>>> print(open('data-v4.cif').read())   # mmCIF, C-alpha atoms and all ligand atoms
data_protein
loop_
_atom_site.group_PDB
_atom_site.id
_atom_site.type_symbol
_atom_site.label_atom_id
_atom_site.label_comp_id
_atom_site.auth_asym_id
_atom_site.auth_seq_id
_atom_site.Cartn_x
_atom_site.Cartn_y
_atom_site.Cartn_z
ATOM 1 C CA MET A 1 67.558 -24.966 -18.385
ATOM 2 C CA PRO A 2 65.280 -27.888 -19.344
ATOM 3 C CA CYS A 3 62.997 -27.462 -22.306
ATOM 4 C CA VAL A 4 59.361 -27.149 -21.205
ATOM 5 C CA ASP A 5 56.530 -27.582 -23.684
ATOM 6 C CA ALA A 6 53.717 -25.073 -23.882
ATOM 7 C CA PRO A 7 50.673 -26.392 -21.979
ATOM 8 C CA ALA A 8 47.754 -27.547 -24.097
ATOM 9 C CA ASP A 9 44.563 -25.470 -23.974
ATOM 10 C CA PRO A 10 41.727 -27.933 -23.200
ATOM 11 C CA ARG A 11 39.243 -25.715 -25.057
ATOM 12 C CA THR A 12 40.784 -26.511 -28.446
ATOM 13 C CA SER A 13 38.704 -29.716 -28.509
ATOM 14 C CA TRP A 14 35.485 -28.062 -27.283
ATOM 15 C CA ALA A 15 32.641 -26.999 -29.546
ATOM 16 C CA LEU A 16 32.845 -23.245 -28.797
ATOM 17 C CA PRO A 17 31.460 -20.573 -31.142
ATOM 18 C CA ALA A 18 34.113 -19.147 -33.481
ATOM 19 C CA PRO A 19 35.323 -15.557 -32.902
ATOM 20 C CA GLY A 20 32.619 -13.147 -34.046
ATOM 21 C CA GLU A 21 29.921 -15.822 -33.877
ATOM 22 C CA LEU A 22 28.923 -15.470 -30.225
ATOM 23 C CA PRO A 23 25.116 -14.954 -30.125
ATOM 24 C CA GLY A 24 24.127 -11.398 -29.171
ATOM 25 C CA THR A 25 21.863 -12.641 -26.403
ATOM 26 C CA ALA A 26 21.611 -16.089 -24.835
ATOM 27 C CA ASP A 27 19.832 -17.726 -21.920
ATOM 28 C CA LEU A 28 22.598 -19.725 -20.232
ATOM 29 C CA GLU A 29 20.589 -21.284 -17.405
ATOM 30 C CA PRO A 30 17.361 -20.313 -15.587
ATOM 31 C CA LEU A 31 19.289 -17.823 -13.407
ATOM 32 C CA VAL A 32 21.351 -16.181 -16.138
ATOM 33 C CA SER A 33 21.062 -14.504 -19.530
ATOM 34 C CA ARG A 34 24.020 -12.992 -21.409
ATOM 35 C CA VAL A 35 23.960 -9.837 -23.550
ATOM 36 C CA LEU A 36 26.937 -9.092 -25.808
ATOM 37 C CA ALA A 37 27.989 -5.427 -26.010
ATOM 38 C CA PRO A 38 28.876 -3.975 -29.447
ATOM 39 C CA ASN A 39 32.542 -3.291 -28.588
ATOM 40 C CA PRO A 40 34.578 -6.089 -30.219
ATOM 41 C CA SER A 41 38.372 -5.689 -30.430
ATOM 42 C CA GLY A 42 41.594 -7.650 -30.085
ATOM 43 C CA MET A 43 41.463 -7.119 -26.327
ATOM 44 C CA THR A 44 37.689 -7.475 -25.763
ATOM 45 C CA LEU A 45 37.270 -10.447 -28.181
ATOM 46 C CA ASP A 46 33.610 -10.541 -29.364
ATOM 47 C CA GLY A 47 32.821 -7.631 -27.020
ATOM 48 C CA THR A 48 31.979 -7.312 -23.320
ATOM 49 C CA ASN A 49 29.521 -9.830 -21.883
ATOM 50 C CA THR A 50 26.843 -8.279 -19.667
ATOM 51 C CA TYR A 51 25.051 -10.818 -17.474
ATOM 52 C CA VAL A 52 21.443 -10.553 -16.302
ATOM 53 C CA VAL A 53 21.011 -12.657 -13.143
ATOM 54 C CA GLY A 54 17.849 -13.391 -11.185
ATOM 55 C CA GLN A 55 15.461 -16.088 -10.046
ATOM 56 C CA PRO A 56 12.755 -16.567 -12.689
ATOM 57 C CA GLY A 57 9.451 -15.307 -11.319
ATOM 58 C CA SER A 58 11.112 -12.965 -8.806
ATOM 59 C CA GLY A 59 10.358 -9.977 -11.024
ATOM 60 C CA GLN A 60 13.907 -8.767 -10.353
ATOM 61 C CA ALA A 61 17.355 -9.065 -11.859
ATOM 62 C CA VAL A 62 20.890 -7.915 -11.244
ATOM 63 C CA LEU A 63 23.204 -6.711 -14.014
ATOM 64 C CA VAL A 64 26.804 -7.865 -13.790
ATOM 65 C CA ASP A 65 29.295 -5.763 -15.806
ATOM 66 C CA PRO A 66 26.994 -3.378 -17.708
ATOM 67 C CA GLY A 67 29.904 -2.636 -20.067
ATOM 68 C CA PRO A 68 30.153 0.379 -22.360
ATOM 69 C CA ASP A 69 27.552 3.140 -21.999
ATOM 70 C CA VAL A 70 26.065 2.648 -25.467
ATOM 71 C CA ALA A 71 22.355 3.190 -26.277
ATOM 72 C CA ALA A 72 22.082 0.046 -28.425
ATOM 73 C CA HIS A 73 23.542 -2.066 -25.623
ATOM 74 C CA LEU A 74 21.158 -0.580 -23.049
ATOM 75 C CA ALA A 75 18.257 -1.325 -25.400
ATOM 76 C CA ALA A 76 19.422 -4.954 -25.754
ATOM 77 C CA VAL A 77 19.716 -5.316 -21.964
ATOM 78 C CA GLU A 78 16.269 -3.776 -21.467
ATOM 79 C CA SER A 79 14.704 -6.221 -23.919
ATOM 80 C CA VAL A 80 16.273 -9.144 -22.025
ATOM 81 C CA LEU A 81 14.951 -7.701 -18.748
ATOM 82 C CA ALA A 82 11.491 -7.430 -20.355
ATOM 83 C CA ALA A 83 11.676 -11.019 -21.635
ATOM 84 C CA ARG A 84 12.543 -12.131 -18.087
ATOM 85 C CA ASP A 85 9.705 -9.916 -16.754
ATOM 86 C CA ALA A 86 12.271 -8.410 -14.378
ATOM 87 C CA ARG A 87 13.365 -4.960 -13.318
ATOM 88 C CA CYS A 88 17.001 -4.195 -12.542
ATOM 89 C CA VAL A 89 17.563 -3.941 -8.769
ATOM 90 C CA ALA A 90 21.379 -3.688 -8.641
ATOM 91 C CA VAL A 91 24.420 -3.292 -10.867
ATOM 92 C CA LEU A 92 27.471 -5.374 -9.910
ATOM 93 C CA VAL A 93 30.890 -4.716 -11.444
ATOM 94 C CA THR A 94 33.862 -7.125 -11.531
ATOM 95 C CA HIS A 95 36.540 -4.420 -11.879
ATOM 96 C CA HIS A 96 37.141 -0.829 -12.834
ATOM 97 C CA HIS A 97 38.151 -1.193 -16.511
ATOM 98 C CA GLY A 98 35.901 0.936 -18.696
ATOM 99 C CA ASP A 99 34.761 -1.908 -20.952
ATOM 100 C CA HIS A 100 33.086 -3.405 -17.843
ATOM 101 C CA ALA A 101 32.318 -0.392 -15.636
ATOM 102 C CA GLU A 102 31.629 2.607 -17.897
ATOM 103 C CA ALA A 103 27.831 2.184 -17.870
ATOM 104 C CA ALA A 104 27.603 1.295 -14.159
ATOM 105 C CA LEU A 105 26.789 4.728 -12.725
ATOM 106 C CA PRO A 106 24.699 6.019 -15.676
ATOM 107 C CA TRP A 107 22.645 2.819 -15.828
ATOM 108 C CA GLY A 108 22.400 2.646 -12.043
ATOM 109 C CA GLY A 109 20.827 6.099 -12.275
ATOM 110 C CA HIS A 110 18.640 5.056 -15.206
ATOM 111 C CA PHE A 111 17.281 2.015 -13.317
ATOM 112 C CA ASP A 112 17.427 3.736 -9.897
ATOM 113 C CA ALA A 113 19.505 0.764 -8.744
ATOM 114 C CA PRO A 114 22.622 0.824 -6.529
ATOM 115 C CA VAL A 115 26.039 -0.021 -7.982
ATOM 116 C CA ALA A 116 28.253 -2.447 -6.058
ATOM 117 C CA ALA A 117 31.964 -3.100 -6.679
ATOM 118 C CA ALA A 118 35.226 -3.513 -4.786
ATOM 119 C CA SER A 119 36.222 0.049 -5.698
ATOM 120 C CA GLY A 120 34.421 3.025 -4.171
ATOM 121 C CA THR A 121 35.116 4.982 -7.337
ATOM 122 C CA VAL A 122 33.199 2.418 -9.404
ATOM 123 C CA ALA A 123 30.388 2.030 -6.833
ATOM 124 C CA GLY A 124 29.904 5.802 -6.609
ATOM 125 C CA PRO A 125 28.657 7.883 -3.682
ATOM 126 C CA ARG A 126 25.316 6.007 -3.408
ATOM 127 C CA GLY A 127 26.811 2.603 -4.066
ATOM 128 C CA ARG A 128 28.172 -0.208 -1.997
ATOM 129 C CA VAL A 129 31.786 -1.378 -1.642
ATOM 130 C CA LEU A 130 31.939 -5.182 -1.651
ATOM 131 C CA GLU A 131 34.305 -7.432 0.271
ATOM 132 C CA HIS A 132 35.378 -11.028 -0.168
ATOM 133 C CA GLY A 133 33.025 -13.561 1.398
ATOM 134 C CA GLU A 134 29.901 -11.407 1.348
ATOM 135 C CA ARG A 135 26.670 -13.096 0.300
ATOM 136 C CA LEU A 136 24.245 -10.817 -1.481
ATOM 137 C CA ASP A 137 20.554 -11.680 -1.324
ATOM 138 C CA LEU A 138 19.282 -10.137 -4.526
ATOM 139 C CA ALA A 139 16.660 -10.899 -7.175
ATOM 140 C CA GLY A 140 15.434 -14.029 -5.387
ATOM 141 C CA THR A 141 18.861 -15.635 -5.250
ATOM 142 C CA THR A 142 22.147 -15.463 -3.342
ATOM 143 C CA ILE A 143 25.322 -14.211 -4.988
ATOM 144 C CA GLY A 144 28.708 -14.869 -3.342
ATOM 145 C CA VAL A 145 31.455 -12.244 -3.593
ATOM 146 C CA VAL A 146 34.859 -13.765 -4.391
ATOM 147 C CA ALA A 147 37.954 -11.552 -4.371
ATOM 148 C CA THR A 148 40.054 -12.355 -7.442
ATOM 149 C CA PRO A 149 42.835 -9.730 -7.579
ATOM 150 C CA GLY A 150 45.546 -10.086 -10.216
ATOM 151 C CA HIS A 151 44.227 -8.742 -13.529
ATOM 152 C CA THR A 152 43.521 -5.604 -11.506
ATOM 153 C CA ALA A 153 43.769 -4.978 -7.757
ATOM 154 C CA ASP A 154 39.987 -4.543 -7.376
ATOM 155 C CA HIS A 155 38.867 -7.598 -9.341
ATOM 156 C CA LEU A 156 35.901 -9.629 -8.036
ATOM 157 C CA ALA A 157 34.142 -12.755 -9.236
ATOM 158 C CA PHE A 158 30.534 -13.609 -8.383
ATOM 159 C CA ARG A 159 29.453 -17.144 -7.488
ATOM 160 C CA LEU A 160 25.859 -18.109 -8.213
ATOM 161 C CA GLU A 161 23.653 -20.637 -6.405
ATOM 162 C CA SER A 162 23.909 -22.907 -9.455
ATOM 163 C CA GLY A 163 27.688 -23.202 -8.922
ATOM 164 C CA ALA A 164 28.514 -21.068 -11.962
ATOM 165 C CA VAL A 165 31.034 -18.265 -11.411
ATOM 166 C CA LEU A 166 31.007 -14.932 -13.251
ATOM 167 C CA VAL A 167 34.733 -14.308 -13.645
ATOM 168 C CA GLY A 168 35.040 -10.960 -15.461
ATOM 169 C CA ASP A 169 38.536 -10.649 -16.927
ATOM 170 C CA HIS A 170 40.057 -13.175 -14.516
ATOM 171 C CA VAL A 171 39.442 -15.886 -17.139
ATOM 172 C CA LEU A 172 38.466 -15.258 -20.759
ATOM 173 C CA GLY A 173 36.375 -17.473 -23.011
ATOM 174 C CA ARG A 174 39.273 -17.676 -25.470
ATOM 175 C CA GLY A 175 43.020 -17.331 -24.988
ATOM 176 C CA THR A 176 44.423 -16.045 -21.719
ATOM 177 C CA SER A 177 44.010 -12.861 -19.711
ATOM 178 C CA VAL A 178 46.454 -10.058 -18.940
ATOM 179 C CA VAL A 179 48.054 -9.277 -15.609
ATOM 180 C CA THR A 180 48.162 -5.494 -15.920
ATOM 181 C CA HIS A 181 51.214 -3.522 -14.788
ATOM 182 C CA PRO A 182 51.805 -1.805 -12.432
ATOM 183 C CA GLU A 183 48.331 -2.352 -10.939
ATOM 184 C CA GLY A 184 48.084 -6.113 -11.424
ATOM 185 C CA ASP A 185 50.001 -8.737 -9.490
ATOM 186 C CA VAL A 186 51.089 -12.154 -10.752
ATOM 187 C CA VAL A 187 51.286 -13.795 -7.307
ATOM 188 C CA ALA A 188 47.771 -12.558 -6.460
ATOM 189 C CA TYR A 189 46.565 -13.656 -9.896
ATOM 190 C CA LEU A 190 47.809 -17.225 -9.383
ATOM 191 C CA GLU A 191 46.212 -17.350 -5.918
ATOM 192 C CA SER A 192 42.941 -16.084 -7.397
ATOM 193 C CA LEU A 193 43.014 -18.795 -10.082
ATOM 194 C CA ARG A 194 43.438 -21.436 -7.346
ATOM 195 C CA ARG A 195 40.664 -19.806 -5.314
ATOM 196 C CA VAL A 196 38.162 -20.105 -8.167
ATOM 197 C CA HIS A 197 39.405 -23.630 -8.922
ATOM 198 C CA ASP A 198 38.760 -24.594 -5.292
ATOM 199 C CA LEU A 199 35.133 -23.459 -5.669
ATOM 200 C CA GLY A 200 34.644 -26.312 -8.151
ATOM 201 C CA PRO A 201 32.688 -24.095 -10.550
ATOM 202 C CA SER A 202 29.985 -25.715 -12.688
ATOM 203 C CA ALA A 203 30.621 -23.083 -15.357
ATOM 204 C CA LEU A 204 32.746 -19.987 -15.933
ATOM 205 C CA TYR A 205 30.872 -17.024 -17.393
ATOM 206 C CA CYS A 206 33.628 -14.802 -18.719
ATOM 207 C CA GLY A 207 33.795 -11.053 -19.276
ATOM 208 C CA HIS A 208 34.690 -11.735 -22.918
ATOM 209 C CA GLY A 209 34.188 -14.723 -25.183
ATOM 210 C CA PRO A 210 32.056 -17.832 -24.818
ATOM 211 C CA GLU A 211 30.903 -19.363 -21.551
ATOM 212 C CA LEU A 212 33.033 -22.311 -20.388
ATOM 213 C CA THR A 213 30.858 -25.204 -19.236
ATOM 214 C CA GLU A 214 32.538 -28.412 -20.360
ATOM 215 C CA ASP A 215 35.414 -28.617 -17.856
ATOM 216 C CA PRO A 216 35.967 -25.281 -16.056
ATOM 217 C CA GLY A 217 38.576 -26.790 -13.714
ATOM 218 C CA ALA A 218 40.723 -27.851 -16.672
ATOM 219 C CA VAL A 219 40.715 -24.271 -17.998
ATOM 220 C CA LEU A 220 41.851 -22.923 -14.618
ATOM 221 C CA GLU A 221 44.640 -25.541 -14.510
ATOM 222 C CA TYR A 222 45.649 -24.504 -18.037
ATOM 223 C CA TYR A 223 45.767 -20.839 -16.959
ATOM 224 C CA LEU A 224 48.070 -21.753 -14.044
ATOM 225 C CA ALA A 225 50.296 -23.830 -16.340
ATOM 226 C CA HIS A 226 50.332 -21.062 -18.961
ATOM 227 C CA ARG A 227 51.611 -18.470 -16.442
ATOM 228 C CA ALA A 228 54.302 -20.912 -15.270
ATOM 229 C CA PHE A 229 55.276 -21.498 -18.912
ATOM 230 C CA ARG A 230 55.604 -17.752 -19.623
ATOM 231 C CA GLU A 231 57.789 -17.373 -16.531
ATOM 232 C CA HIS A 232 59.950 -20.280 -17.694
ATOM 233 C CA GLN A 233 60.252 -18.696 -21.162
ATOM 234 C CA LEU A 234 61.383 -15.371 -19.653
ATOM 235 C CA LEU A 235 64.060 -17.061 -17.547
ATOM 236 C CA ALA A 236 65.186 -19.134 -20.555
ATOM 237 C CA ALA A 237 65.467 -15.971 -22.682
ATOM 238 C CA LEU A 238 67.461 -14.197 -19.952
ATOM 239 C CA ALA A 239 69.835 -17.161 -19.684
ATOM 240 C CA ALA A 240 71.163 -16.002 -23.085
ATOM 241 C CA GLY A 241 72.115 -12.614 -21.576
ATOM 242 C CA PRO A 242 70.586 -9.352 -20.364
ATOM 243 C CA ALA A 243 67.541 -8.177 -22.340
ATOM 244 C CA THR A 244 65.131 -5.269 -22.326
ATOM 245 C CA VAL A 245 61.422 -5.830 -21.780
ATOM 246 C CA ASP A 246 60.758 -5.136 -25.480
ATOM 247 C CA GLU A 247 63.357 -7.735 -26.484
ATOM 248 C CA LEU A 248 61.831 -10.278 -24.097
ATOM 249 C CA VAL A 249 58.319 -9.678 -25.481
ATOM 250 C CA ALA A 250 59.613 -10.092 -29.064
ATOM 251 C CA THR A 251 61.181 -13.431 -28.076
ATOM 252 C CA VAL A 252 58.505 -14.879 -25.791
ATOM 253 C CA TYR A 253 55.439 -13.666 -27.724
ATOM 254 C CA VAL A 254 56.837 -14.278 -31.230
ATOM 255 C CA GLU A 255 53.764 -16.356 -32.181
ATOM 256 C CA VAL A 256 51.259 -13.796 -30.820
ATOM 257 C CA PRO A 257 49.829 -11.053 -33.131
ATOM 258 C CA ARG A 258 51.694 -7.762 -32.667
ATOM 259 C CA ALA A 259 48.448 -5.945 -31.844
ATOM 260 C CA LEU A 260 48.500 -7.851 -28.531
ATOM 261 C CA TRP A 261 52.130 -7.028 -27.680
ATOM 262 C CA PRO A 262 51.231 -3.972 -25.558
ATOM 263 C CA ALA A 263 49.162 -6.314 -23.348
ATOM 264 C CA ALA A 264 51.959 -8.912 -23.460
ATOM 265 C CA THR A 265 54.371 -6.190 -22.328
ATOM 266 C CA GLN A 266 52.214 -5.554 -19.258
ATOM 267 C CA SER A 267 52.081 -9.257 -18.355
ATOM 268 C CA THR A 268 55.874 -9.481 -18.917
ATOM 269 C CA ARG A 269 56.564 -6.492 -16.650
ATOM 270 C CA ALA A 270 54.250 -8.017 -14.021
ATOM 271 C CA THR A 271 56.073 -11.365 -14.224
ATOM 272 C CA LEU A 272 59.481 -9.649 -13.993
ATOM 273 C CA ALA A 273 58.246 -7.823 -10.875
ATOM 274 C CA LYS A 274 57.424 -11.221 -9.334
ATOM 275 C CA LEU A 275 60.841 -12.644 -10.306
ATOM 276 C CA ARG A 276 62.571 -9.537 -8.898
ATOM 277 C CA THR A 277 60.719 -9.937 -5.581
ATOM 278 C CA GLU A 278 61.829 -13.569 -5.521
ATOM 279 C CA GLY A 279 65.442 -12.497 -6.135
ATOM 280 C CA ARG A 280 65.636 -14.369 -9.446
ATOM 281 C CA VAL A 281 66.224 -11.390 -11.764
ATOM 282 C CA GLU A 282 67.861 -8.006 -11.259
ATOM 283 C CA GLN A 283 68.504 -4.774 -13.113
ATOM 284 C CA GLY A 284 71.064 -5.163 -15.931
ATOM 285 C CA PRO A 285 72.926 -2.583 -18.010
ATOM 286 C CA GLY A 286 70.793 0.329 -19.256
ATOM 287 C CA ASP A 287 67.092 -0.613 -19.039
ATOM 288 C CA SER A 288 67.784 -4.348 -19.337
ATOM 289 C CA VAL A 289 67.193 -7.100 -16.806
ATOM 290 C CA ARG A 290 69.373 -10.169 -16.154
ATOM 291 C CA PRO A 291 69.308 -13.271 -13.966
ATOM 292 C CA ALA A 292 70.245 -12.477 -10.347
HETATM 293 ZN ZN ZN B 301 39.856 -5.716 -17.512
#
>>> encode(input="data-v4.cif", output="structure tokens", more="lines below")
Ligand SMILES: [Zn+2]
Amino acid sequence: MPCVDAPADPRTSWALPAPGELPGTADLEPLVSRVLAPNPSGMTLDGTNTYVVGQPGSGQAVLVDPGPDVAAHLAAVESVLAARDARCVAVLVTHHHGDHAEAALPWGGHFDAPVAAASGTVAGPRGRVLEHGERLDLAGTTIGVVATPGHTADHLAFRLESGAVLVGDHVLGRGTSVVTHPEGDVVAYLESLRRVHDLGPSALYCGHGPELTEDPGAVLEYYLAHRAFREHQLLAALAAGPATVDELVATVYVEVPRALWPAATQSTRATLAKLRTEGRVEQGPGDSVRPA
């Protein structure tokens, strides 16, 4: 098997805020402000980004990914709404994970605003289930609904009139995202990366970490190359003989902090599921896998 180098992350040369130094609130463009939730961790980076979107002067705004249901975070969002002289008219959610969706129904009730998401469970009984291609006329602007399954089955991105795309956990401001297992799907994830790339986004506003404005297309190309590299690494490791998933993670993710190995295990299982479907790996002795 030929040796393949790890793809280079284009963001390493960008002037992005260091981990932990993302401003708590920021006005990103006239349509969008960002509010950082106080839930930092290895998986959520600086914390969850909640976006406040609306045409200035409309008196209205939409919240995208309210995040954790924490009083301090709600207070921060309400002060941004006040600064924008806007009331919340809808709550949009990229996917069902609690660090994005937990506050959706309680805050929807608090603001008397409907919740909209791809999952009926997230949207709730008074909410709205969104589908790919819908255009939402809200808060004096139009928001496009873009299906981006892969990280989870219900994942959506939202495209703004400015050309910026709110990408949730599809793309992160730092590092790479996780294809969860068994819910996630690597083939769908790769298609969703190409779908957002084809939109030619002017910026990617991520669920975690800094906004990506310098060359969003290059980041999406890096994400595609990174997934291909991980797949290559798995096949290279299996060429040495059957291995369990834990052994593969220890080999392929040797340079990644161990705290992230549970997430790496999910992405590895998801990639093995793809390779199994393609007939390139099969069950080996015990709980190992081997090349087919
Ligand atoms: Zn997530």
>>> closest_atom_pairs(input="data-v4.cif", of="region 256-282 of chain A", to="region 221-243 of chain A", cutoff="12 Å", atoms="all atoms listed in the file", output="JSON lines")
{"residue": "A:Ala264", "atom": "CA", "partner": "A:Arg230", "partner_atom": "CA", "distance": 10.3}
{"residue": "A:Thr265", "atom": "CA", "partner": "A:Leu234", "partner_atom": "CA", "distance": 11.9}
{"residue": "A:Ser267", "atom": "CA", "partner": "A:Arg230", "partner_atom": "CA", "distance": 9.3}
{"residue": "A:Thr268", "atom": "CA", "partner": "A:Leu234", "partner_atom": "CA", "distance": 8.1}
{"residue": "A:Arg269", "atom": "CA", "partner": "A:Leu234", "partner_atom": "CA", "distance": 10.5}
{"residue": "A:Ala270", "atom": "CA", "partner": "A:Glu231", "partner_atom": "CA", "distance": 10.3}
{"residue": "A:Thr271", "atom": "CA", "partner": "A:Glu231", "partner_atom": "CA", "distance": 6.7}
{"residue": "A:Leu272", "atom": "CA", "partner": "A:Leu234", "partner_atom": "CA", "distance": 8.3}
{"residue": "A:Ala273", "atom": "CA", "partner": "A:Glu231", "partner_atom": "CA", "distance": 11.1}
{"residue": "A:Lys274", "atom": "CA", "partner": "A:Glu231", "partner_atom": "CA", "distance": 9.5}
{"residue": "A:Leu275", "atom": "CA", "partner": "A:Glu231", "partner_atom": "CA", "distance": 8.4}
{"residue": "A:Arg276", "atom": "CA", "partner": "A:Leu235", "partner_atom": "CA", "distance": 11.6}
{"residue": "A:Arg280", "atom": "CA", "partner": "A:Leu235", "partner_atom": "CA", "distance": 8.7}
{"residue": "A:Val281", "atom": "CA", "partner": "A:Leu235", "partner_atom": "CA", "distance": 8.4}
{"residue": "A:Glu282", "atom": "CA", "partner": "A:Pro242", "partner_atom": "CA", "distance": 9.6}
>>> residues_near_ligand(input="data-v4.cif", ligand="ligand ZN 301 (chain B)", cutoff="8 Å", atoms="all atoms listed in the file", output="list in words")
His95, His96, His97, Gly98, Asp99, His100, His151, Thr152, Gly168 and Asp169 of chain A
>>> resolve_selection(input="data-v4.cif", expression="the PyMOL selection byres (((chain A and resi 250) around 12) and not hetatm)", output="MDAnalysis selection string")
chainID A and resid 233:234 237 243:249 251:258 260:262 264:265 268
>>> atom_distance(input="data-v4.cif", atom1="CA of Leu190 (chain A)", atom2="CA of Ser177 (chain A)")
11.8 Å
>>> resolve_selection(input="data-v4.cif", expression="the PyMOL selection byres (((chain A and resi 136) around 12) and not hetatm)", output="ChimeraX atom specification")
/A:54,62,90,92,116,128,130-135,137-146,158-161
>>> write_last_selection(input="data-v4.cif", atoms="C-alpha atoms", output="compact mmCIF listing (two decimals), keeping the file's coordinate frame")
# COMPACT_ATOMS: atom_id res chain seq x y z
CA GLY A 54 17.85 -13.39 -11.18
CA VAL A 62 20.89 -7.92 -11.24
CA ALA A 90 21.38 -3.69 -8.64
CA LEU A 92 27.47 -5.37 -9.91
CA ALA A 116 28.25 -2.45 -6.06
CA ARG A 128 28.17 -0.21 -2.00
CA LEU A 130 31.94 -5.18 -1.65
CA GLU A 131 34.30 -7.43 0.27
CA HIS A 132 35.38 -11.03 -0.17
CA GLY A 133 33.02 -13.56 1.40
CA GLU A 134 29.90 -11.41 1.35
CA ARG A 135 26.67 -13.10 0.30
CA ASP A 137 20.55 -11.68 -1.32
CA LEU A 138 19.28 -10.14 -4.53
CA ALA A 139 16.66 -10.90 -7.18
CA GLY A 140 15.43 -14.03 -5.39
CA THR A 141 18.86 -15.64 -5.25
CA THR A 142 22.15 -15.46 -3.34
CA ILE A 143 25.32 -14.21 -4.99
CA GLY A 144 28.71 -14.87 -3.34
CA VAL A 145 31.46 -12.24 -3.59
CA VAL A 146 34.86 -13.76 -4.39
CA PHE A 158 30.53 -13.61 -8.38
CA ARG A 159 29.45 -17.14 -7.49
CA LEU A 160 25.86 -18.11 -8.21
CA GLU A 161 23.65 -20.64 -6.40
>>> residues_around(input="data-v4.cif", residues="Tyr189 (chain A)", least_positions_apart="6", cutoff="9 Å", atoms="all atoms listed in the file", output="list in words")
Thr148, Pro149, Gly150, His151, Thr152, His170 and Val179 of chain A
>>> residues_around(input="data-v4.cif", residues="region 199-207 of chain A", least_positions_apart="2", cutoff="10 Å", atoms="only C-alpha atoms", output="NGL selection string")
:A and (28 or 32 or 34 or 36 or 44-45 or 47-51 or 64-65 or 67 or 94 or 99-100 or 146 or 157-160 or 162-174 or 194-197 or 209-217 or 219-220)
>>> axis_aligned_box(input="data-v4.cif", around="region 38-42 of chain A", padding_each_side="6 Å", output="JSON")
{"center_x": 35.2, "center_y": -5.5, "center_z": -29.5, "size_x": 24.7, "size_y": 16.4, "size_z": 13.8}
>>> resolve_selection(input="data-v4.cif", expression="the PyMOL selection byres (((chain A and resi 74-81) around 12) and not hetatm)", output="ChimeraX atom specification")
/A:24-27,32-38,49-54,56-73,82-89,103-104,106-108,110-111
>>> atom_distance(input="data-v4.cif", atom1="CA of Arg11 (chain A)", atom2="CA of Thr176 (chain A)")
11.5 Å
